[in-house]
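Asks: Input: one structure, supplied below.
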Amino acid sequence: MSADLGHVDSHHHFWDLSAFPYNDFPPEGTVLRKSYMLPDLDEAIANTPVKHTIYVQVQESYEDNEWVLNLVKDYPTVVGVVAWVDLTDPSVGEHIDRLKRHRKFCGIRHLLHNEPDHNWILREDVQRGLAVLEEKGVPFDLLLRPPNIPAIPSVAKKFPKLKLVINHIAKPLIKDHVLDPWKEDIAKCAEFPNVYIKLSGMVTQADEASWTVEDMQPYASHVISKFSANRVMYGSDWPVCLLATDKYSKVHSAYHTLAVNAGCSDADLQRIFRGTALEFYGISAH
């Protein structure tokens, strides 16, 4: 695949431990319990084909949204910011309008898999918020675990103009080599053309100390087969991926190998590593 246009990383984070009272995340006693900022990202992607990135929210706060949007507004590498809003807030539309004043705002995410109710997304008050996202043309990132997946097809059907993207292929139990029921449930999501998926977060769902491409291949091949390259996008999940590797480049290389092993053509790779993310989020990157 030609890297002339540069790859796009659709999923990474920043955090500054001096700026906010981070609690449970990032976890104590790990490589993540330090600040990760713009210079660290530059160092991480150096000597890889990645030229542009999309930040995805960490904290569920409006203050964090503003902090990140201001942090990256003049930083050319980060071309998009996926922020957070309280979907159950009756004034969610006003919050979206404020976010839209920032040219790099491109989507919303909620830490859905942290909700005690696996069917949280089906609640009436949540769906009122999803209707606002659909009306305003704002994509929604889905952070799921396998028990959350069965609720997604009905959401995709109810909101056909709302673009949805599943993060981290919904965190299957790769370490334990468990495919079912994840495999069937993900296939049902793929039946809806407004549902996309991120080839991301896999190294930390595998054995963090000894993962291999072979461990992840059945999951990646299934996702690419069901969604096609037109609805699959690469994401590093940096710096969370550092729990399972010492270098960003190893994650990028592993996911590229997974796509090649899944039978992707050069055109497919161009979609997965650039085009799909830019199209989904409505971003231009040069």
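Chain identifiers are assigned as A, B, and so on, following the order in which chains appear in the structure tokens; residues are numbered from 1 within each chain, and ligands are numbered from 1 in order of appearance.
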Could you list, as JSON, numbers by chain, every residue within 8 Å of Val79 of chain A, counting only C-alpha atoms and ignoring same-chain residues fewer than 2 positions away?

Replies: {"A": [52, 53, 54, 76, 77, 81, 104, 283, 284, 285]}

Asks: With C-alpha atoms retained, write the just-selected residues as a PDB file, in the first residue's frame.

Replies:
```pdb
ATOM      1  CA  HIS A  52      -3.048  12.266  10.936  1.00  0.00           C
ATOM      2  CA  THR A  53      -5.041  11.157  13.949  1.00  0.00           C
ATOM      3  CA  ILE A  54      -8.438  11.423  15.615  1.00  0.00           C
ATOM      4  CA  PRO A  76      -1.957  19.727  12.400  1.00  0.00           C
ATOM      5  CA  THR A  77      -1.572  16.032  13.257  1.00  0.00           C
ATOM      6  CA  VAL A  81     -11.967  15.217  18.102  1.00  0.00           C
ATOM      7  CA  LYS A 104     -12.131  19.806  14.636  1.00  0.00           C
ATOM      8  CA  ILE A 283     -12.832  15.070   7.721  1.00  0.00           C
ATOM      9  CA  SER A 284     -10.387  16.395   5.123  1.00  0.00           C
ATOM     10  CA  ALA A 285      -6.697  15.622   5.698  1.00  0.00           C
TER      11      ALA A 285
END
```

Asks: Which of segment 150-240 of chain A end up as alpha helix (DSSP H) when DSSP is run on this backbone - answer as a count of residues only?

Replies: 31

Asks: So that each row is one residue of segment 80-146 of chain A with an atom at most 10 Å from segment 193-206 of chain A, can you give its shortest atom pair and the distance in Å to one decimal, using only C-alpha atoms, rows by chain and rising number, as a tab-separated table?

Replies:
```
residue	atom	partner	partner_atom	distance
A:Pro139	CA	A:Asn194	CA	9.8
A:Phe140	CA	A:Val195	CA	9.8
A:Asp141	CA	A:Ile197	CA	9.2
A:Leu142	CA	A:Ile197	CA	9.0
```

Asks: I'd like the neighbourhood of segment 118-123 of chain A as number ranges by chain, where a residue qualifies if any of its atoms comes within 9 Å (using only C-alpha atoms), though same-chain residues fewer than 5 positions away should be ignored.

Replies: A: 112-113, 128, 130, 147-152, 154-155

Asks: Please dump the current selection as a PDB file, in the first residue's frame; keep N, CA and C atoms.

Replies:
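Output saved as selection10.pdb:
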```pdb
ATOM      1  N   LEU A 112     -20.181   3.506  27.084  1.00  0.00           N
ATOM      2  CA  LEU A 112     -21.381   2.682  27.187  1.00  0.00           C
ATOM      3  C   LEU A 112     -21.125   1.398  27.968  1.00  0.00           C
ATOM      4  N   HIS A 113     -19.961   0.786  27.769  1.00  0.00           N
ATOM      5  CA  HIS A 113     -19.733  -0.495  28.438  1.00  0.00           C
ATOM      6  C   HIS A 113     -19.503  -0.354  29.941  1.00  0.00           C
ATOM      7  N   ARG A 128     -33.657   9.618  22.830  1.00  0.00           N
ATOM      8  CA  ARG A 128     -33.957  11.007  22.474  1.00  0.00           C
ATOM      9  C   ARG A 128     -32.658  11.742  22.125  1.00  0.00           C
ATOM     10  N   LEU A 130     -29.893  10.272  20.981  1.00  0.00           N
ATOM     11  CA  LEU A 130     -29.425   9.722  19.704  1.00  0.00           C
ATOM     12  C   LEU A 130     -30.163  10.367  18.533  1.00  0.00           C
ATOM     13  N   PRO A 147     -21.532  -8.297  25.858  1.00  0.00           N
ATOM     14  CA  PRO A 147     -22.940  -8.266  26.286  1.00  0.00           C
ATOM     15  C   PRO A 147     -23.724  -7.065  25.769  1.00  0.00           C
ATOM     16  N   ASN A 148     -23.033  -6.005  25.342  1.00  0.00           N
ATOM     17  CA  ASN A 148     -23.717  -4.816  24.828  1.00  0.00           C
ATOM     18  C   ASN A 148     -24.112  -4.935  23.359  1.00  0.00           C
ATOM     19  N   ILE A 149     -23.501  -5.865  22.640  1.00  0.00           N
ATOM     20  CA  ILE A 149     -23.666  -5.895  21.180  1.00  0.00           C
ATOM     21  C   ILE A 149     -25.099  -6.164  20.738  1.00  0.00           C
ATOM     22  N   PRO A 150     -25.849  -7.089  21.371  1.00  0.00           N
ATOM     23  CA  PRO A 150     -27.187  -7.405  20.846  1.00  0.00           C
ATOM     24  C   PRO A 150     -28.138  -6.225  20.750  1.00  0.00           C
ATOM     25  N   ALA A 151     -27.900  -5.164  21.499  1.00  0.00           N
ATOM     26  CA  ALA A 151     -28.797  -4.000  21.447  1.00  0.00           C
ATOM     27  C   ALA A 151     -28.553  -3.127  20.220  1.00  0.00           C
ATOM     28  N   ILE A 152     -27.421  -3.280  19.567  1.00  0.00           N
ATOM     29  CA  ILE A 152     -27.022  -2.332  18.527  1.00  0.00           C
ATOM     30  C   ILE A 152     -27.851  -2.426  17.242  1.00  0.00           C
ATOM     31  N   SER A 154     -30.966  -2.903  16.689  1.00  0.00           N
ATOM     32  CA  SER A 154     -32.231  -2.170  16.769  1.00  0.00           C
ATOM     33  C   SER A 154     -31.985  -0.665  16.754  1.00  0.00           C
ATOM     34  N   VAL A 155     -30.855  -0.224  17.327  1.00  0.00           N
ATOM     35  CA  VAL A 155     -30.509   1.195  17.288  1.00  0.00           C
ATOM     36  C   VAL A 155     -30.196   1.614  15.856  1.00  0.00           C
TER      37      VAL A 155
END
```

Asks: Tell me, in Å to one decimal, how far atom CA of Asn114 of chain A is from atom CA of Glu191 of chain A.

Replies: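 Taking atom CA of Asn114 of chain A and atom CA of Glu191 of chain A, their separation equals 25.6 Å.
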
Asks: I'd like the neighbourhood of segment 256-260 of chain A as a list of chain:residue names, where a residue qualifies if any of its atoms comes within 10 Å (using only C-alpha atoms), though same-chain residues fewer than 3 positions away should be ignored.

Replies: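 My list of contacting residues is A:Met1, A:Leu199, A:Val213, A:Glu214, A:Met216, A:Gln217, A:Pro218, A:Tyr219, A:Ala220, A:Ser221, A:Ile224, A:Ala229, A:Tyr234, A:Lys250, A:Val251, A:His252, A:Ser253, A:Gly263, A:Cys264, A:Ser265, A:Asp266, A:Asp268, A:Leu269, A:Ile272, A:Phe273.
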
Asks: With distances taken over only C-alpha atoms, which residue among A:Lys161, A:Leu179, A:Ile186, A:Tyr255 lies nearest Thr212 of chain A?

Replies: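 Of A:Lys161, A:Leu179, A:Ile186, A:Tyr255, the one nearest Thr212 of chain A, counting only C-alpha atoms, is A:Tyr255.
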
Asks: Counting only C-alpha atoms, which of A:His222, A:Glu184, A:Asn230, A:Val132 gets nearest to Ala267 of chain A?

Replies: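 Going through A:His222, A:Glu184, A:Asn230, A:Val132 one by one, the smallest distance to Ala267 of chain A is for A:Asn230.
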
Asks: Determine which residues of segment 144-222 of chain A receive a DSSP assignment of strand (DSSP E), computed from the backbone, and state them as a list in words.

Replies: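 So the strand (DSSP E) residues in segment 144-222 of chain A would be Leu164, Val165, Ile166, Val195, Tyr196, Ile197, Lys198 and Leu199 of chain A.
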
Asks: Restrict the selected residues to N, CA, C and O atoms and save them as a PDB file, in the first residue's frame.

Replies:
```pdb
ATOM      1  N   LEU A 164     -22.763   5.047  13.086  1.00  0.00           N
ATOM      2  CA  LEU A 164     -22.298   4.405  14.318  1.00  0.00           C
ATOM      3  C   LEU A 164     -20.989   3.684  14.037  1.00  0.00           C
ATOM      4  O   LEU A 164     -20.843   3.049  12.977  1.00  0.00           O
ATOM      5  N   VAL A 165     -20.051   3.754  14.971  1.00  0.00           N
ATOM      6  CA  VAL A 165     -18.816   2.981  14.797  1.00  0.00           C
ATOM      7  C   VAL A 165     -18.502   2.246  16.092  1.00  0.00           C
ATOM      8  O   VAL A 165     -18.416   2.848  17.174  1.00  0.00           O
ATOM      9  N   ILE A 166     -18.347   0.944  15.984  1.00  0.00           N
ATOM     10  CA  ILE A 166     -18.016   0.083  17.119  1.00  0.00           C
ATOM     11  C   ILE A 166     -16.519   0.200  17.393  1.00  0.00           C
ATOM     12  O   ILE A 166     -15.704  -0.031  16.510  1.00  0.00           O
ATOM     13  N   VAL A 195     -23.524   1.145  10.238  1.00  0.00           N
ATOM     14  CA  VAL A 195     -22.651   0.667  11.312  1.00  0.00           C
ATOM     15  C   VAL A 195     -21.268   0.364  10.758  1.00  0.00           C
ATOM     16  O   VAL A 195     -21.128  -0.431   9.822  1.00  0.00           O
ATOM     17  N   TYR A 196     -20.265   0.986  11.342  1.00  0.00           N
ATOM     18  CA  TYR A 196     -18.862   0.796  10.992  1.00  0.00           C
ATOM     19  C   TYR A 196     -18.147   0.156  12.185  1.00  0.00           C
ATOM     20  O   TYR A 196     -18.748  -0.018  13.252  1.00  0.00           O
ATOM     21  N   ILE A 197     -16.865  -0.146  12.025  1.00  0.00           N
ATOM     22  CA  ILE A 197     -16.129  -0.784  13.120  1.00  0.00           C
ATOM     23  C   ILE A 197     -14.665  -0.391  13.067  1.00  0.00           C
ATOM     24  O   ILE A 197     -14.104  -0.170  11.985  1.00  0.00           O
ATOM     25  N   LYS A 198     -14.064  -0.258  14.259  1.00  0.00           N
ATOM     26  CA  LYS A 198     -12.651   0.085  14.356  1.00  0.00           C
ATOM     27  C   LYS A 198     -11.817  -1.169  14.622  1.00  0.00           C
ATOM     28  O   LYS A 198     -12.074  -1.902  15.585  1.00  0.00           O
ATOM     29  N   LEU A 199     -10.835  -1.366  13.762  1.00  0.00           N
ATOM     30  CA  LEU A 199      -9.832  -2.408  13.972  1.00  0.00           C
ATOM     31  C   LEU A 199      -8.838  -1.825  14.973  1.00  0.00           C
ATOM     32  O   LEU A 199      -7.830  -1.223  14.602  1.00  0.00           O
TER      33      LEU A 199
END
```

Asks: Might you pull out every residue within 12 Å of Leu69 of chain A, with only C-alpha atoms counted and same-chain residues fewer than 3 positions away left off, and present them as a count of residues only?

Replies: 30

Asks: Just checking: using only C-alpha atoms, which residue out of A:Met37, A:Val50, A:Ala254, A:Leu32 ends up closest to His7 of chain A?

Replies: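 When distances to His7 of chain A are compared using only C-alpha atoms, the smallest one comes from A:Val50.
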
Asks: Which residues, written as a ChimeraX atom specification, have at least one atom at most 9 Å from Leu243 of chain A, with only C-alpha atoms counted and residues fewer than 3 positions away on the same chain left out?

Replies: /A:30-32,203-204,208-209,239-240,246

Asks: Quick one: write out the picked residues with N, CA and C atoms as a PDB file, in the first residue's frame?

Replies:
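Everything below was put into again09.pdb:
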```
ATOM      1  N   THR A  30       0.606   1.408  36.475  1.00  0.00           N
ATOM      2  CA  THR A  30       0.819   0.976  35.097  1.00  0.00           C
ATOM      3  C   THR A  30       1.553   2.064  34.329  1.00  0.00           C
ATOM      4  N   VAL A  31       2.001   1.705  33.140  1.00  0.00           N
ATOM      5  CA  VAL A  31       2.687   2.659  32.273  1.00  0.00           C
ATOM      6  C   VAL A  31       1.778   3.823  31.876  1.00  0.00           C
ATOM      7  N   LEU A  32       0.489   3.654  32.051  1.00  0.00           N
ATOM      8  CA  LEU A  32      -0.470   4.689  31.663  1.00  0.00           C
ATOM      9  C   LEU A  32      -0.591   5.805  32.693  1.00  0.00           C
ATOM     10  N   VAL A 203      -4.844  -5.653  20.880  1.00  0.00           N
ATOM     11  CA  VAL A 203      -3.662  -6.146  21.596  1.00  0.00           C
ATOM     12  C   VAL A 203      -3.891  -6.189  23.101  1.00  0.00           C
ATOM     13  N   THR A 204      -4.757  -5.329  23.601  1.00  0.00           N
ATOM     14  CA  THR A 204      -5.036  -5.342  25.035  1.00  0.00           C
ATOM     15  C   THR A 204      -6.172  -6.293  25.403  1.00  0.00           C
ATOM     16  N   GLU A 208      -1.679  -9.559  27.043  1.00  0.00           N
ATOM     17  CA  GLU A 208      -0.852  -8.362  26.922  1.00  0.00           C
ATOM     18  C   GLU A 208       0.642  -8.668  26.917  1.00  0.00           C
ATOM     19  N   ALA A 209       1.029  -9.743  27.574  1.00  0.00           N
ATOM     20  CA  ALA A 209       2.451 -10.069  27.691  1.00  0.00           C
ATOM     21  C   ALA A 209       2.973 -10.909  26.532  1.00  0.00           C
ATOM     22  N   PRO A 239      -2.551   5.955  24.157  1.00  0.00           N
ATOM     23  CA  PRO A 239      -1.453   5.158  24.698  1.00  0.00           C
ATOM     24  C   PRO A 239      -1.872   3.895  25.432  1.00  0.00           C
ATOM     25  N   VAL A 240      -3.191   3.571  25.434  1.00  0.00           N
ATOM     26  CA  VAL A 240      -3.639   2.362  26.130  1.00  0.00           C
ATOM     27  C   VAL A 240      -2.926   1.130  25.589  1.00  0.00           C
ATOM     28  N   ASP A 246       5.813  -1.969  23.720  1.00  0.00           N
ATOM     29  CA  ASP A 246       6.628  -0.814  24.091  1.00  0.00           C
ATOM     30  C   ASP A 246       6.679   0.236  22.991  1.00  0.00           C
TER      31      ASP A 246
END
```
